[in-house]
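Novice: mmCIF, C-alpha atoms, saved as data_12.cif, coming up:
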```
data_upload
#
loop_
_atom_site.group_PDB
_atom_site.id
_atom_site.type_symbol
_atom_site.label_atom_id
_atom_site.label_comp_id
_atom_site.auth_asym_id
_atom_site.auth_seq_id
_atom_site.Cartn_x
_atom_site.Cartn_y
_atom_site.Cartn_z
ATOM 1 C CA MET U 1 -33.151 51.557 -43.741
ATOM 2 C CA ALA U 2 -33.490 51.633 -39.974
ATOM 3 C CA ASN U 3 -32.551 48.832 -37.613
ATOM 4 C CA ARG U 4 -30.021 46.994 -39.750
ATOM 5 C CA ASP U 5 -27.890 45.487 -36.993
ATOM 6 C CA TYR U 6 -27.274 42.351 -34.976
ATOM 7 C CA ARG U 7 -30.380 42.887 -32.842
ATOM 8 C CA LYS U 8 -32.613 41.775 -35.713
ATOM 9 C CA VAL U 9 -31.164 38.289 -35.548
ATOM 10 C CA SER U 10 -31.986 37.978 -31.874
ATOM 11 C CA ARG U 11 -35.402 39.603 -32.466
ATOM 12 C CA ALA U 12 -36.375 36.969 -35.022
ATOM 13 C CA GLY U 13 -34.961 34.230 -32.806
ATOM 14 C CA LEU U 14 -37.072 35.373 -29.882
ATOM 15 C CA TRP U 15 -40.417 34.905 -31.631
ATOM 16 C CA LEU U 16 -40.991 31.504 -30.089
ATOM 17 C CA ASP U 17 -38.874 31.863 -26.948
ATOM 18 C CA VAL U 18 -41.361 31.984 -24.068
ATOM 19 C CA ARG U 19 -38.800 32.499 -21.258
ATOM 20 C CA ARG U 20 -39.009 35.761 -19.241
ATOM 21 C CA ARG U 21 -41.436 37.090 -21.794
ATOM 22 C CA ARG U 22 -43.012 40.511 -21.235
ATOM 23 C CA LEU U 23 -46.407 41.578 -22.538
ATOM 24 C CA GLY U 24 -44.842 43.666 -25.325
ATOM 25 C CA MET U 25 -43.024 40.605 -26.599
ATOM 26 C CA TRP U 26 -46.245 38.563 -26.594
ATOM 27 C CA ALA U 27 -47.943 41.345 -28.580
ATOM 28 C CA TYR U 28 -45.028 41.375 -31.019
ATOM 29 C CA THR U 29 -45.082 37.593 -31.527
ATOM 30 C CA ILE U 30 -48.875 37.463 -31.882
ATOM 31 C CA ASN U 31 -48.701 40.191 -34.522
ATOM 32 C CA ARG U 32 -45.953 38.414 -36.478
ATOM 33 C CA ILE U 33 -47.575 34.958 -36.344
ATOM 34 C CA THR U 34 -51.068 36.204 -37.230
ATOM 35 C CA GLY U 35 -49.479 38.317 -39.998
ATOM 36 C CA VAL U 36 -47.752 35.296 -41.553
ATOM 37 C CA GLY U 37 -50.996 33.316 -41.317
ATOM 38 C CA LEU U 38 -52.975 36.100 -42.973
ATOM 39 C CA VAL U 39 -50.475 36.439 -45.852
ATOM 40 C CA ILE U 40 -50.774 32.686 -46.500
ATOM 41 C CA TYR U 41 -54.573 32.980 -46.311
ATOM 42 C CA LEU U 42 -54.580 35.960 -48.720
ATOM 43 C CA TYR U 43 -52.956 33.907 -51.478
ATOM 44 C CA LEU U 44 -55.125 30.842 -50.749
ATOM 45 C CA HIS U 45 -58.186 33.104 -50.926
ATOM 46 C CA LEU U 46 -57.081 34.585 -54.262
ATOM 47 C CA GLY U 47 -56.530 31.050 -55.534
ATOM 48 C CA VAL U 48 -60.005 29.955 -54.457
ATOM 49 C CA LEU U 49 -61.569 33.063 -56.025
ATOM 50 C CA SER U 50 -60.221 31.919 -59.400
ATOM 51 C CA LEU U 51 -63.084 29.380 -59.312
ATOM 52 C CA LEU U 52 -65.324 32.338 -60.177
ATOM 53 C CA THR U 53 -63.662 32.583 -63.583
ATOM 54 C CA ARG U 54 -64.564 28.932 -64.296
ATOM 55 C CA GLY U 55 -68.258 29.668 -64.131
ATOM 56 C CA GLN U 56 -71.314 29.125 -62.003
ATOM 57 C CA SER U 57 -71.048 25.377 -61.327
ATOM 58 C CA SER U 58 -67.434 25.583 -60.056
ATOM 59 C CA TRP U 59 -68.189 28.452 -57.693
ATOM 60 C CA ASP U 60 -71.523 27.161 -56.428
ATOM 61 C CA SER U 61 -69.993 23.725 -55.692
ATOM 62 C CA PHE U 62 -67.318 25.443 -53.620
ATOM 63 C CA VAL U 63 -69.946 27.523 -51.783
ATOM 64 C CA ALA U 64 -71.805 24.348 -50.814
ATOM 65 C CA LEU U 65 -68.560 22.871 -49.445
ATOM 66 C CA ALA U 66 -67.625 26.108 -47.640
ATOM 67 C CA ARG U 67 -70.912 26.028 -45.706
ATOM 68 C CA SER U 68 -69.866 22.809 -43.958
ATOM 69 C CA PRO U 69 -69.040 22.995 -40.210
ATOM 70 C CA PHE U 70 -65.327 22.307 -40.868
ATOM 71 C CA TYR U 71 -64.996 25.336 -43.152
ATOM 72 C CA LEU U 72 -67.070 27.471 -40.777
ATOM 73 C CA ALA U 73 -64.640 26.559 -37.965
ATOM 74 C CA LEU U 74 -61.766 27.647 -40.228
ATOM 75 C CA ASP U 75 -63.623 30.951 -40.741
ATOM 76 C CA VAL U 76 -63.706 31.467 -36.973
ATOM 77 C CA ILE U 77 -59.936 30.828 -36.756
ATOM 78 C CA LEU U 78 -59.379 33.268 -39.626
ATOM 79 C CA LEU U 79 -61.518 35.887 -37.915
ATOM 80 C CA ALA U 80 -59.532 35.450 -34.691
ATOM 81 C CA GLY U 81 -56.340 36.195 -36.636
ATOM 82 C CA VAL U 82 -57.897 39.209 -38.365
ATOM 83 C CA LEU U 83 -59.189 40.685 -35.101
ATOM 84 C CA LEU U 84 -55.964 40.144 -33.138
ATOM 85 C CA HIS U 85 -53.759 41.423 -35.950
ATOM 86 C CA GLY U 86 -56.023 44.352 -36.838
ATOM 87 C CA LEU U 87 -56.690 45.693 -33.349
ATOM 88 C CA ASN U 88 -53.130 45.096 -32.128
ATOM 89 C CA GLY U 89 -51.967 46.787 -35.333
ATOM 90 C CA LEU U 90 -54.042 49.868 -34.513
ATOM 91 C CA ARG U 91 -52.280 50.036 -31.136
ATOM 92 C CA ILE U 92 -48.884 49.816 -32.849
ATOM 93 C CA GLY U 93 -49.850 52.609 -35.244
ATOM 94 C CA LEU U 94 -51.032 54.856 -32.410
ATOM 95 C CA THR U 95 -47.956 54.277 -30.247
ATOM 96 C CA GLY U 96 -45.706 54.763 -33.301
ATOM 97 C CA PHE U 97 -47.103 58.284 -33.567
ATOM 98 C CA GLY U 98 -46.565 58.821 -29.831
ATOM 99 C CA ILE U 99 -50.251 58.376 -28.911
ATOM 100 C CA GLY U 100 -51.042 56.283 -25.842
ATOM 101 C CA VAL U 101 -47.462 55.101 -25.359
ATOM 102 C CA ARG U 102 -47.785 54.962 -21.564
ATOM 103 C CA ALA U 103 -51.089 53.104 -21.810
ATOM 104 C CA GLN U 104 -50.020 50.606 -24.461
ATOM 105 C CA LYS U 105 -50.112 47.585 -22.152
ATOM 106 C CA THR U 106 -53.617 48.519 -21.018
ATOM 107 C CA LEU U 107 -54.557 49.159 -24.641
ATOM 108 C CA PHE U 108 -53.268 45.721 -25.631
ATOM 109 C CA ILE U 109 -55.282 44.027 -22.897
ATOM 110 C CA VAL U 110 -58.457 46.015 -23.680
ATOM 111 C CA LEU U 111 -58.172 45.418 -27.430
ATOM 112 C CA THR U 112 -57.554 41.705 -26.863
ATOM 113 C CA ILE U 113 -60.733 41.543 -24.757
ATOM 114 C CA VAL U 114 -62.609 43.454 -27.496
ATOM 115 C CA SER U 115 -61.247 40.920 -30.040
ATOM 116 C CA ALA U 116 -62.452 38.016 -27.899
ATOM 117 C CA ILE U 117 -65.956 39.491 -27.506
ATOM 118 C CA ALA U 118 -66.216 40.325 -31.233
ATOM 119 C CA LEU U 119 -65.006 36.816 -32.088
ATOM 120 C CA GLY U 120 -67.596 35.251 -29.767
ATOM 121 C CA VAL U 121 -70.423 37.256 -31.346
ATOM 122 C CA ALA U 122 -69.181 36.511 -34.880
ATOM 123 C CA ALA U 123 -68.807 32.783 -34.122
ATOM 124 C CA LEU U 124 -72.437 32.653 -32.960
ATOM 125 C CA LYS U 125 -73.447 34.423 -36.170
ATOM 126 C CA ILE U 126 -71.279 32.141 -38.358
ATOM 127 C CA PHE U 127 -72.739 28.964 -36.848
ATOM 128 C CA ARG U 128 -76.230 30.545 -36.765
ATOM 129 C CA LEU U 129 -76.639 29.722 -33.067
ATOM 130 C CA MET C 130 -33.532 43.688 -26.905
ATOM 131 C CA THR C 131 -35.909 45.832 -24.908
ATOM 132 C CA GLY C 132 -39.128 44.649 -23.253
ATOM 133 C CA ASN C 133 -41.079 46.027 -26.160
ATOM 134 C CA PRO C 134 -39.649 45.312 -29.613
ATOM 135 C CA PHE C 135 -42.161 47.689 -31.197
ATOM 136 C CA ALA C 136 -40.318 50.553 -29.516
ATOM 137 C CA GLU C 137 -37.354 49.685 -31.760
ATOM 138 C CA GLU C 138 -39.438 48.851 -34.781
ATOM 139 C CA SER C 139 -41.661 51.901 -34.954
ATOM 140 C CA LYS C 140 -39.161 54.113 -36.769
ATOM 141 C CA ARG C 141 -41.093 56.314 -39.152
ATOM 142 C CA THR C 142 -39.629 55.046 -42.398
ATOM 143 C CA ALA C 143 -41.693 55.343 -45.591
ATOM 144 C CA ALA C 144 -42.346 51.588 -45.451
ATOM 145 C CA TRP C 145 -43.552 51.835 -41.852
ATOM 146 C CA LEU C 146 -45.868 54.762 -42.661
ATOM 147 C CA TRP C 147 -47.359 52.850 -45.629
ATOM 148 C CA GLN C 148 -47.806 49.855 -43.348
ATOM 149 C CA VAL C 149 -49.747 52.001 -40.875
ATOM 150 C CA PHE C 150 -51.866 53.839 -43.490
ATOM 151 C CA THR C 151 -52.814 50.651 -45.343
ATOM 152 C CA GLY C 152 -53.399 48.962 -41.969
ATOM 153 C CA VAL C 153 -55.887 51.628 -40.897
ATOM 154 C CA GLY C 154 -57.567 51.387 -44.309
ATOM 155 C CA LEU C 155 -57.741 47.613 -43.956
ATOM 156 C CA VAL C 156 -59.458 47.725 -40.578
ATOM 157 C CA ILE C 157 -62.311 49.544 -42.337
ATOM 158 C CA LEU C 158 -62.166 47.650 -45.656
ATOM 159 C CA VAL C 159 -61.816 44.186 -44.101
ATOM 160 C CA GLY C 160 -64.768 45.013 -41.855
ATOM 161 C CA LEU C 161 -66.893 46.025 -44.854
ATOM 162 C CA HIS C 162 -65.709 43.006 -46.894
ATOM 163 C CA LEU C 163 -66.491 40.513 -44.137
ATOM 164 C CA VAL C 164 -69.871 42.019 -43.285
ATOM 165 C CA ALA C 165 -70.944 42.368 -46.939
ATOM 166 C CA ASN C 166 -69.715 38.956 -48.113
ATOM 167 C CA HIS C 167 -70.152 36.737 -45.077
ATOM 168 C CA PHE C 168 -72.592 38.253 -42.601
ATOM 169 C CA VAL C 169 -75.174 39.972 -44.837
ATOM 170 C CA ALA C 170 -75.066 37.311 -47.576
ATOM 171 C CA LYS C 171 -77.632 34.542 -47.198
ATOM 172 C CA GLY C 172 -75.946 31.376 -45.889
ATOM 173 C CA GLY C 173 -72.677 33.236 -45.237
ATOM 174 C CA LEU C 174 -71.466 33.222 -48.843
ATOM 175 C CA ARG C 175 -72.788 34.639 -52.122
ATOM 176 C CA ASP C 176 -73.582 32.244 -54.955
ATOM 177 C CA PHE C 177 -72.214 32.940 -58.449
ATOM 178 C CA ALA C 178 -75.092 35.139 -59.631
ATOM 179 C CA GLU C 179 -74.977 37.147 -56.391
ATOM 180 C CA VAL C 180 -71.193 37.672 -56.662
ATOM 181 C CA VAL C 181 -71.525 38.970 -60.229
ATOM 182 C CA ALA C 182 -74.353 41.334 -59.265
ATOM 183 C CA TYR C 183 -72.398 42.482 -56.211
ATOM 184 C CA LEU C 184 -69.235 43.259 -58.196
ATOM 185 C CA ARG C 185 -71.169 45.052 -60.942
ATOM 186 C CA ASN C 186 -72.098 47.757 -58.428
ATOM 187 C CA PRO C 187 -69.482 50.483 -59.202
ATOM 188 C CA VAL C 188 -69.152 51.601 -55.557
ATOM 189 C CA ILE C 189 -68.597 48.023 -54.384
ATOM 190 C CA LEU C 190 -66.151 47.396 -57.225
ATOM 191 C CA LEU C 191 -64.127 50.468 -56.242
ATOM 192 C CA LEU C 192 -64.084 49.420 -52.564
ATOM 193 C CA GLU C 193 -63.073 45.833 -53.395
ATOM 194 C CA LEU C 194 -60.252 47.014 -55.688
ATOM 195 C CA LEU C 195 -59.065 49.462 -53.016
ATOM 196 C CA PHE C 196 -59.171 46.522 -50.590
ATOM 197 C CA LEU C 197 -57.022 44.434 -52.962
ATOM 198 C CA LEU C 198 -54.475 47.249 -53.280
ATOM 199 C CA CYS C 199 -54.315 47.892 -49.514
ATOM 200 C CA VAL C 200 -54.155 44.234 -48.497
ATOM 201 C CA THR C 201 -51.426 43.408 -51.030
ATOM 202 C CA THR C 202 -49.297 46.402 -50.011
ATOM 203 C CA HIS C 203 -49.790 45.725 -46.302
ATOM 204 C CA ALA C 204 -49.074 41.989 -46.635
ATOM 205 C CA LEU C 205 -45.895 42.406 -48.667
ATOM 206 C CA LEU C 206 -44.571 45.173 -46.403
ATOM 207 C CA GLY C 207 -45.203 42.772 -43.520
ATOM 208 C CA VAL C 208 -43.236 40.024 -45.291
ATOM 209 C CA ARG C 209 -40.441 42.561 -45.854
ATOM 210 C CA ALA C 210 -40.405 43.494 -42.142
ATOM 211 C CA ILE C 211 -40.067 39.814 -41.206
ATOM 212 C CA PHE C 212 -37.118 39.353 -43.574
ATOM 213 C CA LEU C 213 -35.506 42.471 -42.076
ATOM 214 C CA ASP C 214 -35.914 40.806 -38.662
ATOM 215 C CA LEU C 215 -33.598 38.080 -39.936
ATOM 216 C CA GLY C 216 -30.782 40.606 -40.333
ATOM 217 C CA ILE C 217 -30.320 40.452 -44.115
ATOM 218 C CA SER C 218 -27.598 42.448 -45.885
ATOM 219 C CA GLU C 219 -28.280 45.682 -47.795
ATOM 220 C CA ARG C 220 -27.763 43.866 -51.107
ATOM 221 C CA THR C 221 -30.265 41.155 -50.161
ATOM 222 C CA GLU C 222 -32.668 43.849 -48.982
ATOM 223 C CA ARG C 223 -32.529 45.567 -52.399
ATOM 224 C CA ARG C 224 -33.198 42.241 -54.143
ATOM 225 C CA LEU C 225 -36.016 41.485 -51.730
ATOM 226 C CA ASP C 226 -37.591 44.900 -52.427
ATOM 227 C CA LEU C 227 -37.501 44.184 -56.165
ATOM 228 C CA VAL C 228 -39.008 40.699 -55.753
ATOM 229 C CA LEU C 229 -41.775 42.003 -53.474
ATOM 230 C CA LYS C 230 -42.609 44.821 -55.904
ATOM 231 C CA ILE C 231 -42.936 42.281 -58.730
ATOM 232 C CA VAL C 232 -45.070 39.972 -56.553
ATOM 233 C CA GLY C 233 -47.240 42.954 -55.566
ATOM 234 C CA VAL C 234 -47.818 44.070 -59.160
ATOM 235 C CA LEU C 235 -48.591 40.486 -60.241
ATOM 236 C CA THR C 236 -51.006 40.010 -57.322
ATOM 237 C CA VAL C 237 -52.944 43.195 -58.098
ATOM 238 C CA ALA C 238 -52.933 42.404 -61.849
ATOM 239 C CA TYR C 239 -54.247 38.882 -61.095
ATOM 240 C CA GLY C 240 -57.013 40.292 -58.890
ATOM 241 C CA LEU C 241 -57.972 42.934 -61.449
ATOM 242 C CA GLY C 242 -57.953 40.424 -64.295
ATOM 243 C CA MET C 243 -60.066 37.966 -62.353
ATOM 244 C CA THR C 244 -62.567 40.687 -61.389
ATOM 245 C CA PHE C 245 -63.040 41.861 -64.953
ATOM 246 C CA ILE C 246 -63.462 38.287 -66.247
ATOM 247 C CA VAL C 247 -66.227 37.777 -63.659
ATOM 248 C CA ILE C 248 -68.138 41.016 -64.293
ATOM 249 C CA ARG C 249 -67.816 41.267 -68.099
#
```
What would you get if you wrote out this structure as structure tokens?
Specialist:
Amino acid sequence: MANRDYRKVSRAGLWLDVRRRRLGMWAYTINRITGVGLVIYLYLHLGVLSLLTRGQSSWDSFVALARSPFYLALDVILLAGVLLHGLNGLRIGLTGFGIGVRAQKTLFIVLTIVSAIALGVAALKIFRL
Amino acid sequence: MTGNPFAEESKRTAAWLWQVFTGVGLVILVGLHLVANHFVAKGGLRDFAEVVAYLRNPVILLLELLFLLCVTTHALLGVRAIFLDLGISERTERRLDLVLKIVGVLTVAYGLGMTFIVIR
């Protein structure tokens, strides 16, 4: 397996170190943190979906709760993570295949702006504004 | 450590390629899942009867199961990459691979089981 050396230890340690941080390192940290959050969410989501197996009343009670403003705000946070992780991930995939390597900083900035716009539109839709 | 850690990370190992392929699939499948379940659905979420009807559509069922497979693979490969960041030994890496494979199979089996209980 590639990359099995001492640098991994420093790489993991640098996740939350904000000193002399370049854009690539911010992109890396954002991807890791959103990734961890989304893995946790995935298993919470699968747990919540088990309510469907308990029948109509269990699920419909949850749906009523999930339509409250607090849960809708959590949906917006989730969507922010999905957009940042997904679009930044596309950039990583492209650059990994040698596509757009020189423009990757620009790509990161553009895709982050696209994420912000998409999140704004989705938040308006979620809160029915 | 270079300015861009991805330059070191993007070695084309089988795990990395799977991460990319499932990632691209997820961008599409997550988009469809979110739009279908939260933006098209009245009130942002389907009630029980609507969920059952939705999952009984064979095309939707196939897409949702593909989504489950992609998201589980992508998530667990991501967890693996984070553990590799911690500089684990080869022996620990082999054990981790085994544990993640078991977790992956159990996750997909749980999702499949739950789906078939709901639509039966």
Novice: Expand the PyMOL selection byres ((chain C) within 6 of (chain U)) into the individual residues it matches in the shown file, reporting them as a VMD selection string.
Specialist: chain C and resid 133 139 149 176 to 177 204 214 to 216 247
Novice: So that I have them on file, write out the residues from the current selection with C-alpha atoms, as a compact mmCIF listing (two decimals), keeping the file's coordinate frame.
Specialist:
```
# COMPACT_ATOMS: atom_id res chain seq x y z
CA ASN C 133 -41.08 46.03 -26.16
CA SER C 139 -41.66 51.90 -34.95
CA VAL C 149 -49.75 52.00 -40.88
CA ASP C 176 -73.58 32.24 -54.96
CA PHE C 177 -72.21 32.94 -58.45
CA ALA C 204 -49.07 41.99 -46.64
CA ASP C 214 -35.91 40.81 -38.66
CA LEU C 215 -33.60 38.08 -39.94
CA GLY C 216 -30.78 40.61 -40.33
CA VAL C 247 -66.23 37.78 -63.66
```
Novice: Figure out the distance between CA of Val200 (chain C) and CA of Val188 (chain C), please, to one decimal in Å.
Specialist: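 Rounded to one decimal, the two atoms are 18.1 Å apart.
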Novice: Given the choices C:Val234, C:Cys199, C:Thr221, C:Asp226, which gets closest to Gly152 (chain C) if the distance is worked out from only C-alpha atoms?
Specialist: C:Cys199
Novice: Is it possible to get the residues within 12 Å of (-71.1, 44.8, -57.8) (coordinates as in the file, counting all atoms listed in the file) written as a PyMOL selection string?
Specialist: chain C and resi 165-166+175+177-194+244-245+247-249
Novice: At what distance in Å, to one decimal, does CA of Leu174 (chain C) lie from CA of Leu84 (chain U)?
Specialist: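 Result for CA of Leu84 (chain U) versus CA of Leu174 (chain C): 23.1 Å, one decimal.
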Novice: Set up a box along x, y and z of the file covering all listed atoms of region 62-77 of chain U, add 6 Å on every one of the six sides, and write the centre and edge lengths in Å to one decimal, as AutoDock Vina command-line options.
Specialist:
```
--center_x -65.9 --center_y 26.9 --center_z -45.2 --size_x 23.9 --size_y 21.2 --size_z 28.9
```
Novice: Which distance in Å separates CA of Val114 (chain U) and CA of Arg91 (chain U), to one decimal?
Specialist: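 Interatomic distance here is 12.8 Å.
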Novice: Give as a list in words the residues that the PyMOL selection byres ((chain C and resi 205) around 10) matches when applied to the coordinates above.
Specialist: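 That expression, the PyMOL selection byres ((chain C and resi 205) around 10), corresponds here to Val39 of chain U; Gln148, Val200, Thr201, Thr202, His203, Ala204, Leu206, Gly207, Val208, Arg209, Ala210, Ile211, Asp226, Leu229, Lys230, Val232 and Gly233 of chain C.
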